[in-house]
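This is query_31.cif (mmCIF, C-alpha atoms).
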data_start
loop_
_atom_site.label_atom_id
_atom_site.label_comp_id
_atom_site.auth_asym_id
_atom_site.auth_seq_id
_atom_site.Cartn_x
_atom_site.Cartn_y
_atom_site.Cartn_z
CA MET T 1 23.93 30.11 -40.84
CA ASP T 2 25.76 27.43 -42.82
CA LEU T 3 23.44 27.13 -45.79
CA GLY T 4 20.91 29.52 -47.27
CA LEU T 5 18.64 28.27 -50.00
CA VAL T 6 15.60 29.02 -52.09
CA ALA T 7 13.51 26.20 -53.57
CA GLY T 8 10.92 27.54 -55.96
CA GLU T 9 8.21 24.88 -56.03
CA ALA T 10 7.36 21.23 -55.32
CA SER T 11 10.05 19.78 -57.61
CA GLY T 12 12.74 22.05 -56.12
CA ASP T 13 11.62 21.11 -52.63
CA LEU T 14 11.99 17.42 -53.48
CA LEU T 15 15.38 17.83 -55.17
CA GLY T 16 16.70 20.00 -52.35
CA ALA T 17 15.64 17.58 -49.63
CA HIS T 18 17.75 14.81 -51.18
CA PHE T 19 21.01 16.74 -51.11
CA VAL T 20 20.39 18.43 -47.74
CA ASN T 21 20.03 14.97 -46.21
CA ALA T 22 23.29 13.94 -47.91
CA ILE T 23 25.12 17.01 -46.56
CA LYS T 24 23.89 16.25 -43.06
CA GLN T 25 25.71 12.91 -43.13
CA ALA T 26 28.95 14.91 -42.77
CA HIS T 27 27.41 17.94 -41.03
CA PRO T 28 24.64 16.70 -38.70
CA ASP T 29 24.37 20.12 -37.02
CA LEU T 30 23.93 21.97 -40.32
CA GLN T 31 22.05 25.25 -39.90
CA ALA T 32 19.99 25.89 -43.03
CA ALA T 33 17.16 28.29 -43.78
CA GLY T 34 15.40 29.98 -46.66
CA ILE T 35 12.38 29.48 -48.90
CA ALA T 36 11.47 25.83 -48.43
CA GLY T 37 8.65 23.36 -48.87
CA PRO T 38 7.54 20.49 -46.62
CA ARG T 39 10.25 18.04 -47.69
CA LEU T 40 13.04 20.52 -47.00
CA VAL T 41 11.45 21.38 -43.66
CA GLN T 42 11.40 17.67 -42.85
CA ALA T 43 15.10 17.59 -43.75
CA GLY T 44 15.73 20.28 -41.12
CA VAL T 45 15.61 23.50 -43.14
CA GLU T 46 13.90 26.49 -41.52
CA ALA T 47 11.23 27.85 -43.86
CA ILE T 48 11.29 31.65 -43.72
CA TYR T 49 8.73 31.57 -46.54
CA PRO T 50 7.01 28.50 -48.05
CA SER T 51 8.06 27.37 -51.55
CA GLU T 52 4.49 27.59 -52.80
CA LYS T 53 4.80 31.40 -52.75
CA LEU T 54 7.08 31.12 -55.78
CA ALA T 55 5.06 28.49 -57.64
CA VAL T 56 3.91 30.75 -60.46
CA ASN T 57 4.74 30.39 -64.15
CA GLY T 58 4.09 32.15 -67.41
CA TYR T 59 4.29 35.87 -68.14
CA VAL T 60 0.68 36.63 -67.26
CA GLU T 61 0.67 34.80 -63.92
CA VAL T 62 4.05 36.22 -62.89
CA LEU T 63 2.86 39.77 -63.63
CA ARG T 64 -0.20 39.18 -61.45
CA HIS T 65 1.97 38.08 -58.52
CA LEU T 66 4.90 40.39 -59.19
CA PRO T 67 4.44 42.81 -56.24
CA GLU T 68 4.40 39.97 -53.71
CA LEU T 69 7.33 38.19 -55.40
CA LEU T 70 9.43 41.35 -55.37
CA TRP T 71 8.56 41.97 -51.70
CA ILE T 72 9.56 38.42 -50.74
CA ARG T 73 12.81 38.65 -52.69
CA SER T 74 13.69 41.95 -51.04
CA ARG T 75 13.02 40.54 -47.57
CA ILE T 76 14.90 37.28 -48.13
CA THR T 77 17.85 39.16 -49.66
CA ARG T 78 18.14 41.36 -46.57
CA HIS T 79 17.91 38.28 -44.38
CA PHE T 80 20.79 36.51 -46.12
CA LEU T 81 22.93 39.66 -46.27
CA SER T 82 22.45 39.97 -42.51
CA GLU T 83 22.95 36.29 -41.62
CA ARG T 84 25.71 35.72 -44.24
CA PRO T 85 25.46 31.97 -44.87
CA ARG T 86 28.68 30.16 -45.77
CA VAL T 87 27.08 29.32 -49.10
CA PHE T 88 23.78 30.04 -50.79
CA VAL T 89 22.10 27.47 -53.04
CA GLY T 90 19.36 28.51 -55.44
CA ILE T 91 17.31 25.51 -56.52
CA ASP T 92 15.75 26.15 -59.92
CA ALA T 93 13.39 29.24 -59.90
CA PRO T 94 15.89 31.10 -62.12
CA ASP T 95 14.05 34.39 -62.53
CA PHE T 96 13.75 34.74 -58.76
CA ASN T 97 17.10 33.28 -57.79
CA PHE T 98 19.52 34.89 -60.24
CA ALA T 99 18.71 38.43 -59.06
CA LEU T 100 19.07 37.29 -55.46
CA GLU T 101 22.29 35.41 -56.20
CA ALA T 102 23.83 38.42 -57.97
CA LYS T 103 23.40 40.57 -54.85
CA LEU T 104 24.75 37.87 -52.54
CA LYS T 105 27.75 37.17 -54.79
CA GLN T 106 28.52 40.89 -54.98
CA ALA T 107 28.50 40.94 -51.17
CA GLY T 108 31.07 38.12 -51.05
CA ILE T 109 28.69 35.22 -50.31
CA PRO T 110 29.39 32.18 -52.56
CA THR T 111 26.38 31.29 -54.72
CA VAL T 112 25.69 27.86 -56.13
CA HIS T 113 22.79 27.27 -58.49
CA PHE T 114 21.29 23.81 -58.85
CA VAL T 115 19.36 22.95 -62.02
CA SER T 116 20.30 25.04 -65.00
CA PRO T 117 17.57 26.98 -66.77
CA SER T 118 16.88 25.58 -70.22
CA LEU T 119 19.31 27.80 -72.13
CA TRP T 120 19.39 25.08 -74.78
CA ALA T 121 15.64 25.47 -75.33
CA TRP T 122 15.06 29.21 -75.19
CA ARG T 123 16.58 32.55 -74.04
CA PRO T 124 20.28 31.59 -74.42
CA GLU T 125 21.21 35.21 -73.70
CA ARG T 126 20.67 34.47 -69.99
CA ILE T 127 24.20 33.01 -69.81
CA HIS T 128 25.63 36.53 -69.27
CA ARG T 129 23.30 37.17 -66.34
CA ILE T 130 24.16 33.78 -64.89
CA LYS T 131 27.89 34.55 -65.02
CA GLN T 132 27.31 37.65 -62.89
CA ALA T 133 25.16 35.80 -60.38
CA VAL T 134 26.55 32.28 -59.96
CA SER T 135 29.82 31.14 -58.40
CA HIS T 136 29.22 27.50 -59.36
CA MET T 137 26.54 25.82 -61.49
CA LEU T 138 25.34 22.27 -60.81
CA VAL T 139 23.69 20.70 -63.87
CA VAL T 140 21.45 17.65 -64.04
CA PHE T 141 21.83 16.76 -67.74
CA PRO T 142 25.20 15.80 -69.29
CA PHE T 143 24.94 18.01 -72.37
CA GLU T 144 24.59 21.14 -70.19
CA GLU T 145 28.14 20.98 -68.84
CA LYS T 146 29.80 22.23 -72.04
CA ILE T 147 27.51 25.30 -72.20
CA TYR T 148 28.93 26.59 -68.92
CA GLN T 149 32.50 25.51 -69.60
CA ASP T 150 32.43 27.50 -72.84
CA ALA T 151 31.12 30.54 -70.92
CA GLY T 152 33.84 30.28 -68.25
CA ILE T 153 31.42 29.44 -65.43
CA PRO T 154 32.54 26.75 -62.93
CA VAL T 155 30.22 23.79 -63.46
CA THR T 156 29.70 20.23 -62.20
CA TYR T 157 27.48 17.59 -63.78
CA VAL T 158 25.80 15.86 -60.85
CA GLY T 159 23.14 13.78 -62.60
CA HIS T 160 19.50 13.88 -61.61
CA PRO T 161 18.47 12.96 -58.03
CA LEU T 162 15.25 11.39 -59.28
CA ALA T 163 17.26 8.91 -61.35
CA ASP T 164 18.86 7.71 -58.11
CA VAL T 165 15.65 7.20 -56.15
CA ILE T 166 13.50 5.67 -58.90
CA PRO T 167 14.37 1.98 -59.45
CA LEU T 168 15.74 0.94 -62.82
CA VAL T 169 13.03 -1.75 -62.96
CA PRO T 170 9.88 -0.46 -61.22
CA ASP T 171 7.49 -2.95 -59.59
CA GLY T 172 4.20 -2.21 -61.31
CA ALA T 173 2.34 -5.12 -59.72
CA ALA T 174 3.24 -3.96 -56.21
CA ALA T 175 2.13 -0.42 -57.04
CA ARG T 176 -1.22 -1.67 -58.32
CA ALA T 177 -1.68 -3.70 -55.16
CA THR T 178 -0.83 -0.66 -53.02
CA LEU T 179 -3.53 1.35 -54.82
CA ALA T 180 -5.99 -1.59 -54.77
CA LEU T 181 -6.51 -1.39 -58.54
CA ALA T 182 -8.46 -4.01 -60.43
CA ALA T 183 -7.41 -5.69 -63.65
CA GLY T 184 -7.58 -3.57 -66.80
CA PRO T 185 -5.71 -0.59 -68.24
CA VAL T 186 -4.51 2.00 -65.74
CA ILE T 187 -4.02 5.57 -66.95
CA ALA T 188 -2.22 8.09 -64.78
CA LEU T 189 -3.33 11.72 -65.05
CA LEU T 190 -0.73 14.27 -63.96
CA PRO T 191 -2.07 17.78 -64.60
CA GLY T 192 0.78 19.54 -62.74
CA SER T 193 1.68 20.50 -59.19
CA ARG T 194 0.70 24.18 -59.31
CA LEU T 195 -2.92 25.22 -58.89
CA SER T 196 -2.68 27.25 -62.10
CA GLU T 197 -1.56 24.16 -64.01
CA VAL T 198 -4.33 22.04 -62.53
CA ARG T 199 -6.90 24.68 -63.55
CA ARG T 200 -5.64 24.51 -67.13
CA HIS T 201 -5.18 20.75 -67.43
CA ALA T 202 -7.53 18.87 -65.09
CA GLN T 203 -10.67 19.25 -67.18
CA LEU T 204 -8.71 18.52 -70.36
CA MET T 205 -7.39 15.26 -68.91
CA LEU T 206 -10.70 14.20 -67.40
CA ASP T 207 -12.45 14.82 -70.73
CA ALA T 208 -9.78 12.67 -72.40
CA ALA T 209 -10.32 10.01 -69.72
CA ALA T 210 -14.03 9.88 -70.57
CA LEU T 211 -13.17 9.23 -74.23
CA ILE T 212 -10.68 6.51 -73.27
CA LEU T 213 -13.34 4.88 -71.10
CA GLN T 214 -15.64 4.59 -74.11
CA GLN T 215 -13.05 2.36 -75.80
CA HIS T 216 -11.90 0.60 -72.62
CA PRO T 217 -14.82 0.26 -70.16
CA ASP T 218 -12.44 -1.56 -67.77
CA ALA T 219 -9.97 1.35 -67.64
CA GLN T 220 -9.10 3.00 -64.32
CA PHE T 221 -7.59 6.43 -63.75
CA VAL T 222 -5.21 7.53 -61.00
CA LEU T 223 -4.59 11.21 -60.36
CA PRO T 224 -2.01 12.18 -57.72
CA ALA T 225 -2.79 15.58 -56.17
CA ALA T 226 0.23 17.58 -55.01
CA SER T 227 -1.71 19.30 -52.21
CA GLU T 228 -5.12 19.37 -50.56
CA ALA T 229 -5.93 22.55 -52.50
CA THR T 230 -5.28 20.82 -55.82
CA ALA T 231 -7.23 17.75 -54.65
CA GLN T 232 -10.26 19.93 -53.86
CA LEU T 233 -10.03 21.60 -57.26
CA ILE T 234 -9.83 18.23 -59.00
CA ARG T 235 -12.83 16.92 -57.05
CA ARG T 236 -14.85 19.96 -58.15
CA VAL T 237 -13.90 19.44 -61.79
CA ALA T 238 -14.61 15.71 -61.58
CA GLN T 239 -17.98 16.14 -59.84
CA GLY T 240 -20.77 14.44 -61.73
CA ARG T 241 -18.44 12.52 -64.04
CA PRO T 242 -19.01 8.74 -64.01
CA LEU T 243 -15.28 7.96 -64.08
CA PRO T 244 -13.43 5.24 -62.13
CA LEU T 245 -11.09 7.93 -60.80
CA HIS T 246 -8.74 7.52 -57.85
CA ILE T 247 -7.59 10.92 -56.55
CA LEU T 248 -4.44 10.25 -54.55
CA LYS T 249 -2.77 12.28 -51.82
CA GLY T 250 0.62 12.68 -53.45
CA GLN T 251 1.86 9.20 -54.41
CA SER T 252 2.85 10.31 -57.91
CA HIS T 253 5.58 7.68 -58.05
CA THR T 254 3.17 4.94 -57.05
CA ALA T 255 0.72 6.13 -59.71
CA LEU T 256 3.43 6.12 -62.39
CA ALA T 257 4.69 2.68 -61.37
CA ALA T 258 1.13 1.32 -61.55
CA CYS T 259 0.01 2.83 -64.84
CA ASP T 260 0.10 1.54 -68.41
CA VAL T 261 0.19 5.02 -69.92
CA ALA T 262 0.27 8.55 -68.52
CA LEU T 263 -1.13 11.91 -69.57
CA VAL T 264 1.42 14.37 -68.18
CA ALA T 265 1.72 18.15 -68.04
CA SER T 266 5.15 19.22 -69.29
CA GLY T 267 7.68 19.59 -66.49
CA THR T 268 9.62 17.39 -64.08
CA ALA T 269 6.76 14.85 -64.07
CA THR T 270 7.56 13.94 -67.70
CA LEU T 271 11.09 12.97 -66.64
CA GLU T 272 9.66 10.96 -63.75
CA ALA T 273 7.37 9.12 -66.17
CA ALA T 274 10.38 8.38 -68.39
CA LEU T 275 12.36 7.04 -65.42
CA PHE T 276 9.42 4.75 -64.66
CA LYS T 277 9.69 3.63 -68.34
CA LYS T 278 6.10 4.59 -69.08
CA PRO T 279 4.48 5.52 -72.41
CA MET T 280 3.06 8.99 -72.10
CA VAL T 281 1.38 11.89 -73.82
CA ILE T 282 2.89 15.26 -72.89
CA THR T 283 0.59 18.25 -72.87
CA TYR T 284 0.63 21.86 -71.78
CA ARG T 285 -1.51 24.96 -71.96
CA VAL T 286 -0.52 28.51 -71.04
CA PRO T 287 -2.22 31.87 -71.61
CA ALA T 288 -2.15 32.89 -75.28
CA LEU T 289 0.27 35.79 -74.72
CA THR T 290 2.74 33.55 -72.86
CA ALA T 291 2.55 30.97 -75.65
CA TYR T 292 3.20 33.62 -78.32
CA LEU T 293 6.24 35.03 -76.53
CA MET T 294 7.70 31.60 -75.76
CA ARG T 295 7.31 30.38 -79.34
CA LYS T 296 9.22 33.41 -80.63
CA LYS T 297 12.17 32.51 -78.37
CA ALA T 298 12.06 28.71 -78.74
CA LEU T 299 15.25 27.00 -79.97
CA LEU T 300 14.07 23.38 -79.99
CA PRO T 301 11.09 21.60 -81.54
CA TRP T 302 10.35 19.74 -78.28
CA ILE T 303 9.07 20.89 -74.88
CA GLY T 304 9.04 17.57 -72.98
CA LEU T 305 12.22 16.51 -71.18
CA PRO T 306 12.11 12.90 -72.48
CA ASN T 307 12.01 14.16 -76.06
CA ILE T 308 14.71 16.77 -75.43
CA LEU T 309 17.03 14.16 -73.92
CA ALA T 310 16.30 11.70 -76.73
CA ARG T 311 16.54 14.48 -79.36
CA ASP T 312 13.45 13.03 -80.99
CA PHE T 313 9.68 12.83 -80.60
CA VAL T 314 9.78 9.48 -78.76
CA VAL T 315 6.46 10.41 -77.10
CA PRO T 316 3.74 12.69 -78.50
CA GLU T 317 3.38 16.31 -77.40
CA ARG T 318 0.02 18.09 -77.50
CA VAL T 319 0.47 21.77 -76.72
CA GLN T 320 -1.87 24.77 -76.80
CA GLU T 321 -4.38 24.40 -79.69
CA ALA T 322 -3.41 20.74 -80.15
CA ALA T 323 -4.12 20.01 -76.48
CA THR T 324 -7.63 18.62 -76.96
CA PRO T 325 -9.35 15.69 -75.24
CA GLU T 326 -9.64 13.94 -78.62
CA HIS T 327 -5.88 14.15 -79.30
CA LEU T 328 -4.88 13.06 -75.80
CA ALA T 329 -7.30 10.13 -75.84
CA ALA T 330 -6.24 8.98 -79.31
CA ASP T 331 -2.55 9.13 -78.38
CA ALA T 332 -3.12 7.22 -75.14
CA LEU T 333 -5.20 4.56 -76.87
CA ALA T 334 -2.49 4.13 -79.52
CA TRP T 335 0.04 3.25 -76.80
CA LEU T 336 -2.32 0.65 -75.31
CA VAL T 337 -2.47 -1.38 -78.52
CA ASP T 338 1.17 -1.16 -79.67
CA ALA T 339 3.33 -3.47 -77.54
CA PRO T 340 6.46 -3.32 -79.79
CA ARG T 341 6.44 0.49 -79.71
CA CYS T 342 6.08 0.40 -75.91
CA GLN T 343 9.00 -2.04 -75.58
CA ALA T 344 11.22 0.15 -77.77
CA LEU T 345 10.36 3.08 -75.53
CA VAL T 346 11.33 1.09 -72.42
CA THR T 347 14.75 0.45 -73.98
CA THR T 348 15.20 4.16 -74.75
CA PHE T 349 14.15 5.22 -71.27
CA HIS T 350 16.34 2.61 -69.57
CA ALA T 351 19.45 3.99 -71.30
CA MET T 352 18.36 7.52 -70.36
CA HIS T 353 17.93 6.45 -66.74
CA VAL T 354 21.41 4.92 -66.56
CA SER T 355 23.02 8.08 -67.96
CA LEU T 356 21.30 10.27 -65.34
CA ARG T 357 21.97 7.96 -62.37
CA GLN T 358 25.10 9.55 -60.91
CA ASN T 359 24.42 9.49 -57.14
CA ALA T 360 23.51 13.16 -57.46
CA SER T 361 22.95 13.96 -53.80
CA VAL T 362 26.46 12.79 -52.90
CA ARG T 363 27.91 14.74 -55.84
CA ILE T 364 26.08 17.90 -54.76
CA ALA T 365 27.22 17.45 -51.17
CA GLY T 366 30.77 17.06 -52.48
CA ALA T 367 30.50 20.25 -54.56
CA LEU T 368 29.30 22.17 -51.47
CA GLU T 369 31.84 20.65 -49.07
CA PRO T 370 34.60 23.23 -49.73
CA TYR T 371 32.23 25.95 -48.47
CA LEU T 372 31.16 23.93 -45.41
CA ALA T 373 34.45 22.21 -44.56
CA ASP T 374 35.01 24.20 -41.37
CA ALA T 375 31.33 24.17 -40.33
#

Serialized structure, structure tokens:
Amino acid sequence: MDLGLVAGEASGDLLGAHFVNAIKQAHPDLQAAGIAGPRLVQAGVEAIYPSEKLAVNGYVEVLRHLPELLWIRSRITRHFLSERPRVFVGIDAPDFNFALEAKLKQAGIPTVHFVSPSLWAWRPERIHRIKQAVSHMLVVFPFEEKIYQDAGIPVTYVGHPLADVIPLVPDGAAARATLALAAGPVIALLPGSRLSEVRRHAQLMLDAAALILQQHPDAQFVLPAASEATAQLIRRVAQGRPLPLHILKGQSHTALAACDVALVASGTATLEAALFKKPMVITYRVPALTAYLMRKKALLPWIGLPNILARDFVVPERVQEAATPEHLAADALAWLVDAPRCQALVTTFHAMHVSLRQNASVRIAGALEPYLADA
């Protein structure tokens, strides 16, 4: 095996597929296997387990799935120790990957981790664990590089792959035509990719949509579903609601390009919305215990990536108790009537996009090349 990898969820699957395709330009016969989603499989990676097995978040949910997660990690560790890939790449999923990487590194297998955990936001003590587990860290945000340099961990800033694939000037009119949307405000609803996130956020967002519709009877709503399971859940929640709702099969980028404003669950989708230069309202709900523990460890006042990168509340965040349909609707409606504020946001997001556009897949392939040079 040339490359072993673990991608923890839909975003990791997408990010991994970009750089695996770049590596295969120089190594067309690359043998790669691990925990992978459909995009990585399409890129030629053998899925020993599907990425969705690791798509759990929050203390409560992780505890519920802990026996299965530990079993999978034990099995995949034994597999890699037996097959001994030239290099292992852990894509995000830090709690799962760092323990795995530590065992592989101890056994002499180089370990590269792609996408730093948010040490700058909470749990900075993890840097010591990372040093034991990771041979080389690849970071997607420029300010992260110094954290690892100061800790003596080899690090490369590669930029963010999404900044490379999303155009600097999106074509909103073409996206609307693709989705056959009529004239009037378009609001994108992105409740998350995990089923647990959709359970927490879909009803919240649809209730907010109903309030928006009262003020804008010509509004339309687009909701990209990450999987058929999430689409079915959304249809059940939406049943009986007289909403002009378009539930899409994937197509999150088309939905973001088409929309005037987005309601987005905190995560990678908030960065995607920023790269599409869209006004948004960031929201998130987790079980009460998870929220309590995370607040005690929080280092920053923001949770959304656009705000963290801007170091300011450039878009509103409605989290936990503040995540109500009334707040989300009011924030969305405020964007729709404030053109100067929207234009200022476009300028901020354009500069952010340029800073993250580093041809990341090629940079990642270059960072991995020393391990694969004789493959």

message: I need every residue sitting at most 9 Å from the point (-3.5, 24.2, -75.1) (coordinates as in the file, all atoms listed in the file considered), written as a list in words.
response: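 Taken together, the residues in range are Arg200, His201, Thr283, Tyr284, Arg285, Val286, Pro287, Ala288, Arg318, Val319, Gln320, Glu321, Ala322, Ala323 and Thr324 of chain T.
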
task: Could you tell me which residues the PyMOL selection byres ((chain T and resi 225-237) around 7) returns for this structure, as a PyMOL selection string?
output: chain T and resi 193+195+198+202-203+223-224+238-239+247-250

statement: atom CA of Ala188 of chain T sits from atom CA of Ala36 of chain T at a separation of 27.7 Å

Residue IDs satisfying the PyMOL selection byres ((chain T and resi 38-52) around 7), as a compact mmCIF listing (two decimals) with C-alpha atoms, in the frame of the given file:
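Contents of expr27.txt, freshly written:
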# COMPACT_ATOMS: atom_id res chain seq x y z
CA ALA T 7 13.51 26.20 -53.57
CA GLY T 8 10.92 27.54 -55.96
CA GLU T 9 8.21 24.88 -56.03
CA ASP T 13 11.62 21.11 -52.63
CA LEU T 14 11.99 17.42 -53.48
CA GLY T 16 16.70 20.00 -52.35
CA ALA T 17 15.64 17.58 -49.63
CA VAL T 20 20.39 18.43 -47.74
CA ASN T 21 20.03 14.97 -46.21
CA ALA T 32 19.99 25.89 -43.03
CA ALA T 33 17.16 28.29 -43.78
CA GLY T 34 15.40 29.98 -46.66
CA ILE T 35 12.38 29.48 -48.90
CA ALA T 36 11.47 25.83 -48.43
CA GLY T 37 8.65 23.36 -48.87
CA LYS T 53 4.80 31.40 -52.75
CA LEU T 54 7.08 31.12 -55.78
CA ALA T 55 5.06 28.49 -57.64

Given the file shown, enumerate the residues that the PyMOL selection byres ((chain T and resi 142) around 10) captures and present them as a PDB file with C-alpha atoms, keeping the file's coordinate frame.
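Saved as selection.pdb:
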ATOM      1  CA  VAL T 139      23.690  20.700 -63.870  1.00  0.00           C
ATOM      2  CA  VAL T 140      21.450  17.650 -64.040  1.00  0.00           C
ATOM      3  CA  PHE T 141      21.830  16.760 -67.740  1.00  0.00           C
ATOM      4  CA  PHE T 143      24.940  18.010 -72.370  1.00  0.00           C
ATOM      5  CA  GLU T 144      24.590  21.140 -70.190  1.00  0.00           C
ATOM      6  CA  GLU T 145      28.140  20.980 -68.840  1.00  0.00           C
ATOM      7  CA  LYS T 146      29.800  22.230 -72.040  1.00  0.00           C
ATOM      8  CA  THR T 156      29.700  20.230 -62.200  1.00  0.00           C
ATOM      9  CA  TYR T 157      27.480  17.590 -63.780  1.00  0.00           C
ATOM     10  CA  VAL T 158      25.800  15.860 -60.850  1.00  0.00           C
ATOM     11  CA  GLY T 159      23.140  13.780 -62.600  1.00  0.00           C
ATOM     12  CA  HIS T 160      19.500  13.880 -61.610  1.00  0.00           C
ATOM     13  CA  LEU T 309      17.030  14.160 -73.920  1.00  0.00           C
ATOM     14  CA  SER T 355      23.020   8.080 -67.960  1.00  0.00           C
ATOM     15  CA  LEU T 356      21.300  10.270 -65.340  1.00  0.00           C
TER      16      LEU T 356
END

query: What separation in Å, quoted to one decimal, exists between atom CA of Lys24 of chain T and atom CA of Pro161 of chain T?
result: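 Pair atom CA of Lys24 of chain T / atom CA of Pro161 of chain T returns 16.3 Å.
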
message: Rounded to one decimal, what separation in Å do you get between atom CA of Pro117 of chain T and atom CA of Pro94 of chain T?
response: 6.4 Å

- request: Tell me which of T:Glu317, T:Glu125, T:Glu369, T:Asp260 sits closest to Val87 of chain T, counting all atoms listed in the file.
  value: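 Among the listed residues, T:Glu369 lies closest to Val87 of chain T.
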